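All remarks here apply to the structure that follows.
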Amino acid sequence: MPLLIDRPAEEQELVGSLNIYSETASAFDPFDAQLMRLYTAAAGQAISNAGRWQHSRETVTQLERALLSRSDIDMAKGALIALHGCEPGEAFAKMVDESQRRNIKVRDVALEMLERMKIPEDPLPRDAGLSTAG
């Protein structure tokens, strides 16, 4: 019995088969054949649903990543606007150009830029109790 799954906007796809054997030639009657068709249809639907679930899970993960990286990109874009007096679209285009030139993600360009802009911490805190008087 063929094991078929439904694909969106496509015909059914053959992913396997259910092989049923008997020692006698007339072991399976039409009722058994229909029962096996129902079984393979249910199995195919379960496989199809598992694939859809996996695809949905991957999409959710990608969207979560995109939402997290958006704030980094927006902060970097704001910094470029403040530093260069450019428009938001121009600031983003600069990051995209850098991303393409270096073949890295825009988010990584933004994170590098934000890291370079951090003010270094003072090596000696002002209240460390050190005195310059002799």
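In the structure tokens, each chain is lettered A, B, ... as it comes, each chain's residues begin at 1, and ligands are numbered from 1 in order of appearance.
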
Report task. Mind the document's chain letters and residue numbers, and return as a PyMOL selection string the residues of chain A that DSSP labels strand (DSSP E or B). Result -> chain A and resi 2-5+13-17

Report task. Give the alpha helix (DSSP H) residues of region 1-132 of chain A, as DSSP finds them on the backbone, and put them as a ChimeraX atom specification. Result -> /A:30-84,88-102,106-117

Deliver the residues from the most recent selection as a file, using C-alpha atoms, as a compact mmCIF listing (two decimals), in the first residue's frame.
```
# COMPACT_ATOMS: atom_id res chain seq x y z
CA PRO A 30 -11.56 -6.23 -0.22
CA PHE A 31 -12.41 -5.21 3.36
CA ASP A 32 -8.76 -5.72 4.38
CA ALA A 33 -7.58 -3.70 1.38
CA GLN A 34 -9.91 -0.82 2.32
CA LEU A 35 -8.77 -1.02 5.93
CA MET A 36 -5.13 -0.76 4.80
CA ARG A 37 -5.98 2.28 2.64
CA LEU A 38 -7.50 3.96 5.70
CA TYR A 39 -4.46 3.04 7.78
CA THR A 40 -1.99 4.41 5.24
CA ALA A 41 -4.07 7.58 4.85
CA ALA A 42 -3.95 8.12 8.63
CA ALA A 43 -0.21 7.40 8.74
CA GLY A 44 0.41 9.77 5.81
CA GLN A 45 -1.59 12.50 7.55
CA ALA A 46 0.43 12.00 10.75
CA ILE A 47 3.70 12.32 8.80
CA SER A 48 2.39 15.40 6.99
CA ASN A 49 1.28 17.02 10.27
CA ALA A 50 4.68 16.33 11.85
CA GLY A 51 6.37 18.05 8.92
CA ARG A 52 4.06 21.05 9.18
CA TRP A 53 4.66 21.28 12.93
CA GLN A 54 8.43 21.20 12.40
CA HIS A 55 8.20 23.91 9.73
CA SER A 56 6.03 26.05 12.04
CA ARG A 57 8.49 25.60 14.91
CA GLU A 58 11.39 26.70 12.69
CA THR A 59 9.40 29.76 11.57
CA VAL A 60 8.67 30.74 15.17
CA THR A 61 12.35 30.40 16.07
CA GLN A 62 13.36 32.57 13.11
CA LEU A 63 10.77 35.21 14.04
CA GLU A 64 11.95 35.25 17.66
CA ARG A 65 15.53 35.76 16.46
CA ALA A 66 14.41 38.53 14.11
CA LEU A 67 12.56 40.33 16.90
CA LEU A 68 15.61 40.18 19.15
CA SER A 69 17.98 41.41 16.46
CA ARG A 70 15.66 44.23 15.43
CA SER A 71 16.32 46.23 18.60
CA ASP A 72 20.10 45.97 18.07
CA ILE A 73 19.72 47.12 14.47
CA ASP A 74 17.43 49.98 15.49
CA MET A 75 19.91 51.18 18.15
CA ALA A 76 22.77 51.10 15.66
CA LYS A 77 20.62 52.88 13.10
CA GLY A 78 19.82 55.57 15.67
CA ALA A 79 23.50 55.99 16.45
CA LEU A 80 24.30 56.45 12.75
CA ILE A 81 21.52 59.02 12.46
CA ALA A 82 22.89 60.91 15.47
CA LEU A 83 26.52 60.74 14.32
CA HIS A 84 26.04 61.47 10.63
CA PRO A 88 16.75 56.30 8.87
CA GLY A 89 16.68 54.60 5.46
CA GLU A 90 20.16 55.87 4.67
CA ALA A 91 21.50 54.64 8.02
CA PHE A 92 20.06 51.18 7.41
CA ALA A 93 21.43 51.17 3.86
CA LYS A 94 24.92 51.89 5.27
CA MET A 95 24.63 48.87 7.56
CA VAL A 96 23.36 46.69 4.70
CA ASP A 97 26.26 47.81 2.50
CA GLU A 98 28.74 46.93 5.25
CA SER A 99 26.99 43.59 5.78
CA GLN A 100 27.23 42.72 2.10
CA ARG A 101 30.79 43.95 1.77
CA ARG A 102 31.94 41.79 4.68
CA VAL A 106 23.25 43.09 9.42
CA ARG A 107 22.66 42.25 13.08
CA ASP A 108 26.36 41.40 13.50
CA VAL A 109 27.33 44.70 11.87
CA ALA A 110 25.02 46.50 14.30
CA LEU A 111 26.38 44.63 17.33
CA GLU A 112 29.99 45.39 16.32
CA MET A 113 29.16 49.04 15.84
CA LEU A 114 27.41 49.27 19.22
CA GLU A 115 30.34 47.51 20.90
CA ARG A 116 32.82 50.00 19.38
CA MET A 117 30.70 52.90 20.60
```

Report task. Have a look at CA of Cys86 (chain A) and CA of Pro120 (chain A) and let me know their distance in Å, one decimal. Result ->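 These two atoms are separated by 26.1 Å.
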
Query raised in the report: When you draw a straight line from CA of Ala27 (chain A) to CA of Leu3 (chain A), how long is it in Å?
Result: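 These two atoms are separated by 21.2 Å.
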
Requested in this report: Compile the contact shell of region 11-21 of chain A as a list of chain:residue names: residues with an atom at most 7 Å away, counting only C-alpha atoms, same-chain residues fewer than 5 positions apart removed.
Outcome: A:Met1, A:Pro2, A:Leu3, A:Leu4, A:Ile5, A:Asp6

Just to be explicit: take each residue in the selection above, keep all heavy atoms, and write the result as a tab-separated table (two decimals), in the first residue's frame.
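File written: again07.tsv
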```tsv
chain	number	residue	atom	x	y	z
A	1	MET	N	0.85	-1.18	0.00
A	1	MET	CA	0.00	0.00	0.00
A	1	MET	C	0.90	1.24	0.00
A	1	MET	O	1.80	1.35	0.82
A	1	MET	CB	-0.87	0.04	1.26
A	1	MET	CG	-1.85	-1.12	1.43
A	1	MET	SD	-3.13	-1.25	0.18
A	1	MET	CE	-3.99	0.26	0.31
A	2	PRO	N	0.65	2.18	-0.91
A	2	PRO	CA	1.48	3.40	-0.95
A	2	PRO	C	1.21	4.28	0.27
A	2	PRO	O	0.08	4.37	0.76
A	2	PRO	CB	1.04	4.08	-2.24
A	2	PRO	CG	-0.33	3.55	-2.51
A	2	PRO	CD	-0.36	2.16	-1.94
A	3	LEU	N	2.25	4.91	0.77
A	3	LEU	CA	2.15	5.84	1.89
A	3	LEU	C	2.36	7.24	1.31
A	3	LEU	O	3.47	7.61	0.92
A	3	LEU	CB	3.20	5.52	2.94
A	3	LEU	CG	3.14	6.30	4.25
A	3	LEU	CD1	1.76	6.19	4.89
A	3	LEU	CD2	4.19	5.78	5.20
A	4	LEU	N	1.27	7.99	1.20
A	4	LEU	CA	1.27	9.30	0.55
A	4	LEU	C	1.06	10.40	1.58
A	4	LEU	O	0.35	10.22	2.57
A	4	LEU	CB	0.16	9.37	-0.50
A	4	LEU	CG	0.19	8.29	-1.59
A	4	LEU	CD1	-1.12	8.29	-2.37
A	4	LEU	CD2	1.36	8.51	-2.51
A	5	ILE	N	1.68	11.55	1.32
A	5	ILE	CA	1.41	12.73	2.15
A	5	ILE	C	0.98	13.86	1.23
A	5	ILE	O	1.38	13.93	0.07
A	5	ILE	CB	2.61	13.15	3.01
A	5	ILE	CG1	3.82	13.52	2.16
A	5	ILE	CG2	2.99	12.07	4.00
A	5	ILE	CD1	4.94	14.17	2.95
A	6	ASP	N	0.15	14.73	1.76
A	6	ASP	CA	-0.30	15.90	1.02
A	6	ASP	C	0.70	17.02	1.17
A	6	ASP	O	1.24	17.28	2.24
A	6	ASP	CB	-1.66	16.38	1.55
A	6	ASP	CG	-2.77	15.38	1.26
A	6	ASP	OD1	-2.71	14.73	0.20
A	6	ASP	OD2	-3.68	15.23	2.10
```
